[in-house]
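Enquirer: Below is the file model05.cif, which contains mmCIF, C-alpha atoms.
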data_model
#
loop_
_atom_site.label_atom_id
_atom_site.label_comp_id
_atom_site.auth_asym_id
_atom_site.auth_seq_id
_atom_site.Cartn_x
_atom_site.Cartn_y
_atom_site.Cartn_z
CA MET A 1 -4.49 3.76 15.75
CA ARG A 2 -3.02 0.39 16.66
CA VAL A 3 -2.75 -0.56 12.97
CA ARG A 4 -0.88 2.67 12.27
CA GLN A 5 1.56 1.94 15.11
CA HIS A 6 2.30 -1.45 13.57
CA PHE A 7 3.05 0.21 10.24
CA VAL A 8 5.29 2.77 11.97
CA ARG A 9 7.31 -0.05 13.55
CA LEU A 10 7.49 -1.93 10.25
CA HIS A 11 8.65 1.23 8.43
CA ARG A 12 11.24 1.92 11.13
CA TRP A 13 12.74 -1.57 11.23
CA ALA A 14 12.72 -2.05 7.47
CA GLY A 15 14.50 1.30 7.17
CA LEU A 16 17.10 0.33 9.76
CA VAL A 17 17.79 -3.00 8.05
CA THR A 18 18.26 -1.38 4.65
CA ALA A 19 19.87 1.92 5.73
CA ALA A 20 23.51 0.91 5.29
CA PHE A 21 22.82 -0.72 1.92
CA LEU A 22 20.85 2.27 0.62
CA LEU A 23 23.47 4.71 1.90
CA MET A 24 26.12 2.82 -0.07
CA ALA A 25 23.87 2.41 -3.12
CA GLY A 26 22.88 6.09 -3.10
CA LEU A 27 26.43 7.43 -2.89
CA THR A 28 27.89 5.02 -5.45
CA GLY A 29 24.89 5.51 -7.74
CA SER A 30 25.47 9.28 -7.71
CA LEU A 31 28.91 8.70 -9.20
CA LEU A 32 27.88 5.90 -11.55
CA ALA A 33 25.34 8.14 -13.27
CA PHE A 34 28.46 9.51 -15.01
CA GLU A 35 30.26 6.17 -15.28
CA ASP A 36 31.36 6.53 -18.92
CA SER A 37 32.67 10.07 -18.46
CA LEU A 38 34.49 9.16 -15.25
CA GLU A 39 36.14 6.14 -16.88
CA ALA A 40 37.36 8.30 -19.78
CA TRP A 41 38.61 10.98 -17.38
CA LEU A 42 40.48 8.57 -15.10
CA ASN A 43 41.72 6.20 -17.83
CA PRO A 44 42.09 8.12 -21.11
CA ALA A 45 44.81 5.72 -22.29
CA LEU A 46 42.24 2.90 -22.26
CA PHE A 47 39.02 4.65 -23.28
CA VAL A 48 39.94 7.59 -25.52
CA VAL A 49 41.22 7.32 -29.11
CA HIS A 50 41.95 9.93 -31.76
CA ALA A 51 41.04 9.08 -35.32
CA PRO A 52 43.71 9.84 -37.94
CA PRO A 53 42.62 12.30 -40.66
CA ALA A 54 40.30 10.70 -43.24
CA ALA A 55 40.58 7.35 -41.45
CA SER A 56 37.76 4.85 -41.10
CA ALA A 57 37.42 2.12 -38.51
CA LEU A 58 38.50 -1.39 -39.44
CA ASP A 59 36.08 -4.20 -40.18
CA PRO A 60 34.45 -5.27 -36.84
CA PHE A 61 35.03 -8.97 -37.60
CA VAL A 62 38.71 -8.33 -38.23
CA LEU A 63 38.91 -6.39 -34.96
CA ARG A 64 37.43 -9.34 -33.05
CA GLU A 65 40.00 -11.66 -34.64
CA ARG A 66 42.83 -9.29 -33.67
CA ALA A 67 41.48 -9.10 -30.14
CA GLN A 68 41.38 -12.89 -29.93
CA LEU A 69 45.02 -13.10 -31.03
CA ALA A 70 46.03 -10.50 -28.46
CA ALA A 71 44.06 -12.07 -25.60
CA PRO A 72 45.66 -14.50 -23.12
CA PRO A 73 45.66 -18.14 -24.29
CA GLN A 74 43.07 -19.10 -21.67
CA ALA A 75 40.62 -16.38 -22.82
CA LEU A 76 37.97 -16.18 -25.54
CA VAL A 77 36.65 -13.09 -27.32
CA ASP A 78 33.04 -14.00 -28.06
CA THR A 79 31.63 -10.64 -29.18
CA VAL A 80 31.75 -8.64 -32.40
CA ILE A 81 31.11 -4.98 -31.57
CA LEU A 82 29.00 -3.52 -34.39
CA ASN A 83 28.28 -0.04 -33.03
CA ARG A 84 30.94 2.65 -32.67
CA HIS A 85 31.24 5.78 -30.55
CA ASP A 86 33.44 8.58 -31.86
CA GLY A 87 36.51 9.12 -29.74
CA ARG A 88 36.07 5.88 -27.80
CA SER A 89 38.00 2.63 -27.91
CA LEU A 90 36.45 -0.82 -28.26
CA ARG A 91 36.12 -2.74 -24.99
CA PHE A 92 36.11 -6.52 -25.45
CA ILE A 93 34.89 -8.70 -22.59
CA LEU A 94 37.01 -11.83 -22.21
CA SER A 95 35.51 -15.15 -21.14
CA ALA A 96 37.48 -18.12 -19.84
CA ARG A 97 38.14 -21.29 -21.80
CA VAL A 98 37.35 -24.59 -20.12
CA ASP A 99 40.33 -26.50 -18.76
CA PRO A 100 40.15 -29.98 -20.41
CA LYS A 101 41.86 -31.53 -17.38
CA THR A 102 39.44 -30.26 -14.75
CA GLY A 103 36.37 -29.38 -16.81
CA GLN A 104 36.30 -25.98 -15.08
CA PRO A 105 36.95 -22.53 -16.59
CA PHE A 106 40.47 -21.20 -16.32
CA ALA A 107 41.07 -18.38 -13.83
CA LEU A 108 41.81 -15.18 -15.77
CA ASP A 109 44.17 -12.45 -14.63
CA VAL A 110 42.42 -9.96 -16.94
CA ASP A 111 38.90 -9.98 -18.36
CA GLU A 112 38.77 -6.79 -20.48
CA LEU A 113 40.83 -5.81 -23.51
CA PHE A 114 40.81 -2.31 -25.03
CA MET A 115 41.55 -1.76 -28.73
CA ASP A 116 41.91 1.18 -31.09
CA PRO A 117 39.26 0.62 -33.80
CA TYR A 118 41.38 2.46 -36.41
CA SER A 119 44.68 0.65 -36.01
CA ALA A 120 43.74 -2.51 -34.04
CA ALA A 121 46.43 -1.57 -31.52
CA VAL A 122 45.84 -3.00 -28.05
CA LEU A 123 45.57 -0.09 -25.61
CA GLY A 124 45.64 -2.22 -22.47
CA THR A 125 43.87 -4.83 -20.36
CA ARG A 126 42.43 -4.94 -16.86
CA LEU A 127 40.55 -7.12 -14.40
CA TRP A 128 37.16 -5.43 -14.10
CA GLY A 129 36.26 -4.33 -10.57
CA ALA A 130 39.50 -5.61 -9.06
CA SER A 131 40.30 -2.74 -6.69
CA LEU A 132 39.05 0.64 -5.56
CA PHE A 133 42.61 1.82 -5.08
CA ARG A 134 43.84 1.34 -8.63
CA ARG A 135 43.15 4.02 -11.22
CA GLU A 136 42.24 1.49 -13.92
CA THR A 137 39.61 -0.33 -11.84
CA ALA A 138 38.32 2.25 -9.34
CA ILE A 139 35.08 3.07 -11.22
CA SER A 140 34.37 -0.53 -12.13
CA PHE A 141 34.86 -1.50 -8.47
CA LEU A 142 32.25 1.12 -7.51
CA TYR A 143 29.91 -0.44 -10.07
CA ARG A 144 30.60 -3.89 -8.64
CA LEU A 145 29.97 -2.57 -5.14
CA HIS A 146 26.74 -0.89 -6.24
CA TYR A 147 25.12 -3.84 -7.98
CA SER A 148 26.56 -6.82 -6.08
CA LEU A 149 28.18 -5.47 -2.87
CA ALA A 150 31.41 -6.85 -4.37
CA MET A 151 30.05 -10.30 -3.47
CA SER A 152 29.94 -13.39 -5.65
CA ALA A 153 26.74 -14.84 -7.09
CA PRO A 154 24.16 -15.92 -6.06
CA TRP A 155 24.40 -14.20 -2.67
CA SER A 156 24.81 -10.75 -4.15
CA ALA A 157 21.49 -10.98 -5.98
CA ARG A 158 19.71 -12.49 -2.97
CA VAL A 159 20.91 -9.83 -0.54
CA LEU A 160 20.31 -6.84 -2.82
CA GLY A 161 17.04 -8.34 -4.04
CA ALA A 162 15.82 -8.54 -0.45
CA VAL A 163 16.94 -4.93 0.11
CA GLY A 164 15.03 -3.89 -3.02
CA LEU A 165 11.87 -5.64 -1.81
CA LEU A 166 12.10 -4.00 1.62
CA TRP A 167 12.77 -0.62 -0.03
CA THR A 168 9.71 -1.01 -2.25
CA LEU A 169 7.56 -1.96 0.73
CA ASN A 170 8.96 0.93 2.74
CA CYS A 171 8.16 3.41 -0.04
CA LEU A 172 4.51 2.35 0.06
CA ILE A 173 4.30 2.34 3.88
CA GLY A 174 6.16 5.65 4.19
CA PHE A 175 3.76 7.38 1.81
CA GLY A 176 0.78 6.07 3.78
CA LEU A 177 2.22 7.27 7.07
CA THR A 178 2.42 10.87 5.81
CA LEU A 179 -1.35 10.99 5.22
CA PRO A 180 -3.35 12.93 7.86
CA ARG A 181 -4.46 10.80 10.79
CA ARG A 182 -7.89 12.43 10.86
CA VAL A 183 -9.76 14.96 8.75
CA PRO A 184 -11.93 17.74 10.20
CA ALA A 185 -15.58 17.41 9.33
CA ARG A 186 -15.76 20.95 7.94
CA SER A 187 -13.17 23.49 6.72
CA PRO A 188 -13.47 27.26 7.31
CA ALA A 189 -14.86 29.22 4.37
CA GLY A 190 -12.18 30.16 1.81
CA SER A 191 -9.55 27.83 3.30
CA PRO A 192 -8.04 24.80 1.57
CA PRO A 193 -9.79 21.46 2.11
CA GLY A 194 -9.16 20.04 5.56
CA TRP A 195 -7.26 16.99 4.32
CA TRP A 196 -4.81 19.14 2.36
CA ARG A 197 -4.38 21.70 5.14
CA ARG A 198 -3.34 18.90 7.48
CA TRP A 199 -1.18 17.13 4.89
CA ARG A 200 0.71 20.02 3.27
CA SER A 201 3.03 20.50 6.25
CA ALA A 202 4.46 17.06 5.47
CA TRP A 203 5.71 18.42 2.12
CA ARG A 204 7.79 21.17 3.70
CA VAL A 205 10.95 21.36 5.80
CA ALA A 206 10.46 23.70 8.74
CA PRO A 207 13.20 26.41 8.63
CA SER A 208 13.15 26.69 12.41
CA GLY A 209 12.36 24.50 15.34
CA SER A 210 13.97 21.67 17.24
CA VAL A 211 16.61 19.36 15.84
CA ALA A 212 14.12 16.49 15.95
CA ARG A 213 11.62 18.49 13.89
CA LEU A 214 14.30 19.43 11.36
CA MET A 215 15.37 15.79 10.93
CA LEU A 216 11.74 14.72 10.51
CA GLY A 217 11.30 17.34 7.80
CA LEU A 218 14.50 16.30 6.01
CA HIS A 219 13.38 12.69 6.13
CA ARG A 220 9.73 13.16 5.20
CA ALA A 221 9.56 16.03 2.69
CA PRO A 222 12.21 14.80 0.20
CA GLY A 223 10.65 11.34 0.40
CA LEU A 224 7.27 12.78 -0.61
CA TRP A 225 8.54 15.01 -3.42
CA LEU A 226 10.66 12.20 -4.86
CA TRP A 227 8.27 9.37 -4.00
CA PRO A 228 7.34 8.24 -7.56
CA VAL A 229 11.00 8.15 -8.62
CA LEU A 230 12.09 6.38 -5.44
CA LEU A 231 9.45 3.72 -6.06
CA VAL A 232 10.71 3.29 -9.64
CA PHE A 233 14.28 2.82 -8.43
CA ALA A 234 13.24 0.48 -5.63
CA TRP A 235 11.19 -1.80 -7.89
CA SER A 236 13.73 -1.67 -10.72
CA SER A 237 16.40 -2.86 -8.28
CA VAL A 238 14.20 -5.92 -7.67
CA MET A 239 13.96 -6.41 -11.44
CA LEU A 240 17.73 -6.23 -11.86
CA THR A 241 18.45 -8.74 -9.08
CA LEU A 242 15.41 -11.04 -8.87
CA ARG A 243 13.96 -10.78 -12.38
CA ASP A 244 12.85 -14.41 -12.81
CA SER A 245 12.09 -15.34 -9.21
CA VAL A 246 10.17 -12.24 -8.07
CA TYR A 247 9.78 -9.43 -10.60
CA ARG A 248 8.28 -11.34 -13.53
CA PRO A 249 5.90 -13.51 -11.47
CA VAL A 250 4.51 -10.35 -9.83
CA MET A 251 4.33 -8.31 -13.04
CA SER A 252 2.76 -11.21 -14.97
CA LEU A 253 -0.44 -10.42 -13.09
CA GLY A 254 -0.76 -7.32 -15.28
CA VAL A 255 1.68 -7.53 -18.21
CA VAL A 256 3.53 -10.31 -19.99
CA SER A 257 7.21 -10.11 -20.95
CA GLN A 258 8.89 -12.05 -23.73
CA ASP A 259 11.71 -14.16 -22.35
CA LEU A 260 14.42 -14.49 -24.99
CA TRP A 261 15.77 -17.64 -23.33
CA ALA A 262 12.48 -19.39 -22.53
CA GLY A 263 12.58 -23.06 -23.50
CA LEU A 264 16.18 -22.88 -24.76
CA PRO A 265 18.15 -25.82 -23.32
CA SER A 266 21.77 -25.56 -22.19
CA CYS A 267 24.47 -27.59 -23.90
CA PRO A 268 25.88 -30.55 -21.91
CA VAL A 269 29.28 -28.88 -22.26
CA PRO A 270 30.01 -25.35 -23.54
CA MET A 271 30.33 -25.25 -27.33
CA ALA A 272 33.96 -25.28 -28.43
CA GLN A 273 33.72 -24.52 -32.16
CA PRO A 274 30.38 -23.67 -33.83
CA MET A 275 29.77 -24.86 -37.38
CA LEU A 276 28.50 -21.39 -38.32
CA ASP A 277 31.24 -18.77 -38.50
CA TRP A 278 30.84 -15.17 -37.39
CA ARG A 279 30.03 -13.63 -40.77
CA ALA A 280 27.51 -16.33 -41.60
CA ALA A 281 25.86 -15.89 -38.21
CA HIS A 282 25.68 -12.13 -38.80
CA ALA A 283 24.02 -12.66 -42.17
CA ALA A 284 21.55 -15.13 -40.63
CA GLY A 285 20.71 -12.64 -37.88
CA GLN A 286 20.17 -9.84 -40.38
CA GLN A 287 17.92 -12.04 -42.49
CA ALA A 288 15.87 -13.20 -39.49
CA LEU A 289 15.36 -9.64 -38.24
CA SER A 290 14.49 -8.40 -41.72
CA THR A 291 11.75 -11.02 -41.97
CA LEU A 292 10.44 -10.28 -38.47
CA ALA A 293 10.48 -6.53 -39.17
CA ARG A 294 8.21 -7.02 -42.19
CA GLU A 295 5.88 -9.37 -40.32
CA ARG A 296 5.60 -7.24 -37.16
CA ASN A 297 5.93 -3.79 -38.71
CA PHE A 298 9.05 -2.39 -37.07
CA VAL A 299 12.28 -0.87 -38.40
CA VAL A 300 15.86 -1.87 -37.57
CA GLU A 301 17.69 1.40 -36.89
CA ALA A 302 21.22 0.40 -35.88
CA GLU A 303 23.24 -2.70 -35.08
CA ARG A 304 24.61 -3.23 -31.59
CA ASP A 305 26.64 -6.45 -31.35
CA LEU A 306 26.84 -10.15 -32.16
CA ARG A 307 27.74 -12.51 -29.30
CA LEU A 308 28.36 -16.24 -29.17
CA ASP A 309 26.68 -17.91 -26.19
CA ARG A 310 28.58 -21.17 -25.88
CA ALA A 311 26.47 -22.41 -22.96
CA HIS A 312 23.33 -22.52 -25.14
CA GLY A 313 24.92 -22.98 -28.57
CA VAL A 314 23.50 -19.80 -30.11
CA TYR A 315 24.59 -16.43 -31.47
CA VAL A 316 22.81 -13.41 -29.97
CA TYR A 317 22.35 -10.60 -32.51
CA ARG A 318 21.23 -7.32 -30.90
CA VAL A 319 20.06 -4.12 -32.58
CA ARG A 320 18.23 -0.93 -31.80
CA SER A 321 14.84 -0.85 -33.50
CA SER A 322 11.69 1.24 -33.51
CA LEU A 323 10.41 -1.13 -30.78
CA ASP A 324 13.04 0.17 -28.34
CA ILE A 325 13.37 3.26 -26.19
CA ARG A 326 14.67 5.97 -28.48
CA ASP A 327 17.68 7.13 -26.43
CA ALA A 328 18.77 3.69 -25.20
CA ALA A 329 21.28 1.32 -26.81
CA GLY A 330 18.58 -1.09 -27.99
CA ALA A 331 17.21 -4.40 -26.72
CA THR A 332 15.71 -6.00 -29.83
CA ALA A 333 17.45 -9.35 -30.31
CA VAL A 334 17.30 -12.69 -32.09
CA LEU A 335 18.94 -16.01 -31.23
CA ILE A 336 20.57 -17.87 -34.12
CA ASP A 337 21.52 -21.53 -33.83
CA ALA A 338 25.32 -21.64 -33.90
CA ASP A 339 25.37 -24.81 -36.03
CA SER A 340 22.38 -24.55 -38.37
CA GLY A 341 21.71 -20.80 -38.53
CA ALA A 342 18.04 -21.34 -37.67
CA LEU A 343 16.07 -18.78 -35.67
CA ARG A 344 15.79 -19.94 -32.04
CA GLY A 345 14.26 -16.91 -30.31
CA PHE A 346 13.17 -13.28 -30.60
CA ALA A 347 12.63 -10.48 -28.07
CA GLY A 348 11.34 -7.01 -28.87
CA GLY A 349 8.25 -4.95 -28.27
CA GLY A 350 5.37 -5.83 -26.00
CA LYS A 351 4.21 -3.91 -22.93
CA GLY A 352 6.13 -6.11 -20.52
CA ASN A 353 9.43 -5.76 -22.36
CA ALA A 354 8.93 -2.01 -22.86
CA LEU A 355 8.32 -1.61 -19.12
CA GLU A 356 11.49 -3.58 -18.32
CA ASP A 357 13.49 -1.50 -20.79
CA TRP A 358 12.23 1.74 -19.25
CA LEU A 359 12.89 0.59 -15.68
CA GLY A 360 16.43 -0.48 -16.60
CA ALA A 361 17.18 2.68 -18.59
CA LEU A 362 15.85 4.99 -15.86
CA HIS A 363 17.74 3.13 -13.14
CA MET A 364 21.05 3.27 -15.04
CA ALA A 365 20.60 6.82 -16.41
CA ARG A 366 20.68 5.68 -20.03
CA VAL A 367 18.01 8.11 -21.29
CA PHE A 368 17.40 11.87 -21.54
CA GLY A 369 21.09 12.80 -21.68
CA THR A 370 23.09 14.84 -19.17
CA PRO A 371 20.14 16.55 -17.41
CA TYR A 372 18.78 13.18 -16.31
CA LYS A 373 22.24 12.01 -15.24
CA LEU A 374 22.44 15.07 -12.98
CA PHE A 375 19.01 14.27 -11.59
CA VAL A 376 20.03 10.67 -10.84
CA ALA A 377 23.21 11.89 -9.13
CA LEU A 378 21.14 14.19 -6.89
CA LEU A 379 18.63 11.41 -6.30
CA GLY A 380 21.41 9.15 -5.04
CA MET A 381 22.37 11.82 -2.52
CA ALA A 382 18.72 12.13 -1.50
CA VAL A 383 18.54 8.38 -0.87
CA ALA A 384 21.62 8.67 1.33
CA LEU A 385 20.01 11.61 3.18
CA LEU A 386 16.81 9.65 3.82
CA SER A 387 18.84 6.72 5.19
CA VAL A 388 20.98 8.88 7.49
CA THR A 389 18.10 10.96 8.86
CA GLY A 390 16.04 7.83 9.46
CA VAL A 391 18.83 6.27 11.54
CA LEU A 392 19.46 9.53 13.46
CA MET A 393 15.76 9.81 14.32
CA TRP A 394 15.82 6.26 15.67
CA VAL A 395 18.98 6.94 17.72
CA ARG A 396 17.46 10.07 19.27
CA ARG A 397 14.24 8.26 20.08
CA THR A 398 16.12 5.32 21.61
CA ARG A 399 18.24 7.59 23.81
CA ALA A 400 15.23 9.60 24.95
CA ARG A 401 13.39 6.40 25.86
CA ALA A 402 16.38 5.10 27.78
CA ALA A 403 16.78 8.41 29.66
CA SER A 404 13.10 8.45 30.66
#
Could you rewrite the structure in this file as structure tokens?
Expert:
Amino acid sequence: MRVRQHFVRLHRWAGLVTAAFLLMAGLTGSLLAFEDSLEAWLNPALFVVHAPPAASALDPFVLRERAQLAAPPQALVDTVILNRHDGRSLRFILSARVDPKTGQPFALDVDELFMDPYSAAVLGTRLWGASLFRRETAISFLYRLHYSLAMSAPWSARVLGAVGLLWTLNCLIGFGLTLPRRVPARSPAGSPPGWWRRWRSAWRVAPSGSVARLMLGLHRAPGLWLWPVLLVFAWSSVMLTLRDSVYRPVMSLGVVSQDLWAGLPSCPVPMAQPMLDWRAAHAAGQQALSTLARERNFVVEAERDLRLDRAHGVYVYRVRSSLDIRDAAGATAVLIDADSGALRGFAGGGKGNALEDWLGALHMARVFGTPYKLFVALLGMAVALLSVTGVLMWVRRTRARAAS
């Protein structure tokens, strides 16, 4: 009994510490399940385009060049977008050039540029996540609040990573605390087994009774019905914030993930001008993936993008392949040396990588279409409910103890 009391206290205090964070994460996550649709609804001038009759999109390399010309002088456009979505604009992420006087990146007033893929017209720019009270950045601010508390690195990852760890621990403890404290030695003839008869009340919300009993039911029953999904979201939040320091060391006990960047050194200074141009890097990436596909028996299904990583001196060529989750964007990738065109790394397939892809896709509602997005939105509200009822139960208990 004393051990159980210790677990009750641990569950209570871990819940109180994380309640405000999970309330915020649950409510913002409910909205972000429909992030793309909300962005298009709030900002159609930036996100929605109408293709002229019989028109085809311009060459993606030409579009990147046009975006670079239209970007501020202190900004770089280091991505060629190779996949298209009908009715949607191209969103280019801007990175800052290094100031030769200070050796530090320039401060950018905008970091996203939107372009019509049919005419190369610039539809607008914005500073991602700048403000909740501006139409252009409201949804991106919610995203920033959800995944980093609108804090700067590395504190955002540390704080939310700690919350994710406590949430994961609390999921396990909470499930254990719902189990019957004792089991009768014998059940009456024709009745359910004693352990289930004592446990099944935990799965239901009593329609009548005291306020305390109602709050206990609202806190306990949804947590049990949604327990597997809550555990997935809790542990995936650790993966998204503490992948290298916590998630992978723990998961390596059972599965091994391929790290695309393992053993790849950083450049002393960010690369200014690679010897390999964009089209040559694209051809090298296609050739490398074609060879790997034959050797490892997979199929490249669609291209995603080609990005220049100046910090490591490589191009990152990403595609969707038969190794990836079917409904997701695709995580198969190769690294191509930005000077020589040599293959520097590959990631795709493997149980560890597949598990990471599934955790990420489930957390961000990138699979199973609209029905799953609706489920994630409701799940976010359930997380908020669990947080609120847990705090209210503690407040009532504290007041009753003080009164007695």
Enquirer: Would you write out, as a list in words, every residue that the PyMOL selection byres ((chain A and resi 144) around 12) captures in this file?
Expert: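 On this input, the PyMOL selection byres ((chain A and resi 144) around 12) captures Met24, Ala25, Thr28, Gly29, Leu32, Leu127, Trp128, Gly129, Ala130, Ser131, Leu132, Thr137, Ala138, Ile139, Ser140, Phe141, Leu142, Tyr143, Leu145, His146, Tyr147, Ser148, Leu149, Ala150, Met151, Ser152, Ala153, Ser156 and Ala157 of chain A.
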Enquirer: Give me the result of the PyMOL selection byres ((chain A and resi 17) around 12) on this file, residue by residue, as a PyMOL selection string.
Expert: chain A and resi 10-16+18-23+159-160+162-167+170+387+390-391
Enquirer: Under the PyMOL selection byres ((chain A and resi 123-126) around 8), which residues of this model are included? Write them out as a list in words.
Expert: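 What the PyMOL selection byres ((chain A and resi 123-126) around 8) grabs from the file is Ala45, Leu46, Val110, Asp111, Glu112, Leu113, Phe114, Met115, Asp116, Ala121, Val122, Leu127, Trp128, Glu136 and Thr137 of chain A.
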Enquirer: With 8 Å on each side, where is the centre of the axis-aligned box around all listed atoms of region 361-376 of chain A, and how long are its edges in Å to one decimal, as JSON?
Expert:
{"center_x": 19.5, "center_y": 9.6, "center_z": -16.3, "size_x": 23.2, "size_y": 29.9, "size_z": 26.8}
Enquirer: Between A:Leu306, A:Glu35, A:Arg204, A:Arg296, single out the one closest to Gly348 (chain A), counting all atoms listed in the file.
Expert: A:Arg296
Enquirer: Provide the CA of Trp278 (chain A) to CA of Arg304 (chain A) distance in Å, to one decimal place.
Expert: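 Distance reported for this atom pair: 14.7 Å.
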Enquirer: Residues proximal to (28.0, -29.0, -19.5) were defined as those with any atom within 10 Å of that point in the file's coordinates, counting all atoms listed in the file. Which are they, as a PyMOL selection string?
Expert: chain A and resi 103-104+266-271+311-312
Enquirer: Pick from A:Phe34, A:Leu42, A:Arg66, A:Arg4: nearest to Thr370 (chain A), with all atoms listed in the file counted?
Expert: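 Nearest candidate to Thr370 (chain A) out of A:Phe34, A:Leu42, A:Arg66, A:Arg4: A:Phe34.
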Enquirer: Between CA of Ala262 (chain A) and CA of Arg248 (chain A), what distance in Å does the model show, to one decimal?
Expert: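 CA of Ala262 (chain A) sits 12.8 Å away from CA of Arg248 (chain A).
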Enquirer: Kindly indicate which residue among A:Arg158, A:Arg220, A:Arg135, A:His282 lies nearest to Glu303 (chain A), using only C-alpha atoms for the distances.
Expert: A:His282
Enquirer: Would you kindly return, as an mmCIF file with C-alpha atoms, keeping the file's coordinate frame, each protein, DNA or RNA residue with an atom no farther than 8 Å from any atom of region 359-362 of chain A, considering all atoms listed in the file and excluding same-chain residues fewer than 3 positions away?
Expert:
data_model
loop_
_atom_site.group_PDB
_atom_site.id
_atom_site.type_symbol
_atom_site.label_atom_id
_atom_site.label_comp_id
_atom_site.auth_asym_id
_atom_site.auth_seq_id
_atom_site.Cartn_x
_atom_site.Cartn_y
_atom_site.Cartn_z
ATOM 1 C CA VAL A 232 10.710 3.290 -9.640
ATOM 2 C CA PHE A 233 14.280 2.820 -8.430
ATOM 3 C CA SER A 236 13.730 -1.670 -10.720
ATOM 4 C CA LEU A 240 17.730 -6.230 -11.860
ATOM 5 C CA ALA A 328 18.770 3.690 -25.200
ATOM 6 C CA LEU A 355 8.320 -1.610 -19.120
ATOM 7 C CA GLU A 356 11.490 -3.580 -18.320
ATOM 8 C CA ALA A 365 20.600 6.820 -16.410
ATOM 9 C CA ARG A 366 20.680 5.680 -20.030
ATOM 10 C CA VAL A 367 18.010 8.110 -21.290
#
Enquirer: Quick one: residues within 10 Å of region 221-227 of chain A, all atoms listed in the file counted, chain neighbours fewer than 5 positions away excluded, as a PyMOL selection string?
Expert: chain A and resi 171-172+174-175+178+200-206+216+232-233+379+382-383+385-386
Enquirer: Find, counting all atoms listed in the file, the residue in A:Ser340, A:Leu218, A:Val250, A:Asn353 that gets nearest to Leu392 (chain A).
Expert: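 For Leu392 (chain A), the nearest of the given residues is A:Leu218.
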Enquirer: Can you tell me how far CA of Asp339 (chain A) sits from CA of Leu69 (chain A), in Å to one decimal?
Expert: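 Distance reported for this atom pair: 23.4 Å.
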Enquirer: Which is closer to Val62 (chain A) than all the others in A:Ile81, A:Leu242, A:Ala402, A:Val388, using all atoms listed in the file?
Expert: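 Looking only at the distances to Val62 (chain A), the closest residue turns out to be A:Ile81.
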Enquirer: At a cut-off of 12 Å, using all atoms listed in the file, what residues contact Leu292 (chain A)? Leave out same-chain residues fewer than 2 positions from it and give the result as a PDB file with C-alpha atoms, keeping the file's coordinate frame.
Expert:
ATOM      1  CA  GLY A 285      20.710 -12.640 -37.880  1.00  0.00           C
ATOM      2  CA  GLN A 286      20.170  -9.840 -40.380  1.00  0.00           C
ATOM      3  CA  GLN A 287      17.920 -12.040 -42.490  1.00  0.00           C
ATOM      4  CA  ALA A 288      15.870 -13.200 -39.490  1.00  0.00           C
ATOM      5  CA  LEU A 289      15.360  -9.640 -38.240  1.00  0.00           C
ATOM      6  CA  SER A 290      14.490  -8.400 -41.720  1.00  0.00           C
ATOM      7  CA  ARG A 294       8.210  -7.020 -42.190  1.00  0.00           C
ATOM      8  CA  GLU A 295       5.880  -9.370 -40.320  1.00  0.00           C
ATOM      9  CA  ARG A 296       5.600  -7.240 -37.160  1.00  0.00           C
ATOM     10  CA  ASN A 297       5.930  -3.790 -38.710  1.00  0.00           C
ATOM     11  CA  PHE A 298       9.050  -2.390 -37.070  1.00  0.00           C
ATOM     12  CA  VAL A 299      12.280  -0.870 -38.400  1.00  0.00           C
ATOM     13  CA  VAL A 300      15.860  -1.870 -37.570  1.00  0.00           C
ATOM     14  CA  SER A 321      14.840  -0.850 -33.500  1.00  0.00           C
ATOM     15  CA  LEU A 323      10.410  -1.130 -30.780  1.00  0.00           C
ATOM     16  CA  THR A 332      15.710  -6.000 -29.830  1.00  0.00           C
ATOM     17  CA  ALA A 333      17.450  -9.350 -30.310  1.00  0.00           C
ATOM     18  CA  VAL A 334      17.300 -12.690 -32.090  1.00  0.00           C
ATOM     19  CA  LEU A 343      16.070 -18.780 -35.670  1.00  0.00           C
ATOM     20  CA  GLY A 345      14.260 -16.910 -30.310  1.00  0.00           C
ATOM     21  CA  PHE A 346      13.170 -13.280 -30.600  1.00  0.00           C
ATOM     22  CA  ALA A 347      12.630 -10.480 -28.070  1.00  0.00           C
ATOM     23  CA  GLY A 348      11.340  -7.010 -28.870  1.00  0.00           C
ATOM     24  CA  GLY A 349       8.250  -4.950 -28.270  1.00  0.00           C
TER      25      GLY A 349
END
Enquirer: Mind completing region 289-294 of chain A with N, CA and C atoms? Output as a JSON list (two decimals), keeping the file's coordinate frame, please?
Expert:
[["chain", "number", "residue", "atom", "x", "y", "z"],
["A", 289, "LEU", "N", 15.96, -10.89, -38.69],
["A", 289, "LEU", "CA", 15.36, -9.64, -38.24],
["A", 289, "LEU", "C", 14.64, -8.92, -39.36],
["A", 290, "SER", "N", 15.17, -9.01, -40.57],
["A", 290, "SER", "CA", 14.49, -8.40, -41.72],
["A", 290, "SER", "C", 13.11, -9.01, -41.92],
["A", 291, "THR", "N", 13.04, -10.33, -41.81],
["A", 291, "THR", "CA", 11.75, -11.02, -41.97],
["A", 291, "THR", "C", 10.80, -10.65, -40.84],
["A", 292, "LEU", "N", 11.28, -10.63, -39.61],
["A", 292, "LEU", "CA", 10.44, -10.28, -38.47],
["A", 292, "LEU", "C", 9.98, -8.83, -38.55],
["A", 293, "ALA", "N", 10.85, -7.94, -39.06],
["A", 293, "ALA", "CA", 10.48, -6.53, -39.17],
["A", 293, "ALA", "C", 9.31, -6.35, -40.14],
["A", 294, "ARG", "N", 9.33, -7.11, -41.24],
["A", 294, "ARG", "CA", 8.21, -7.02, -42.19],
["A", 294, "ARG", "C", 6.93, -7.60, -41.59]]
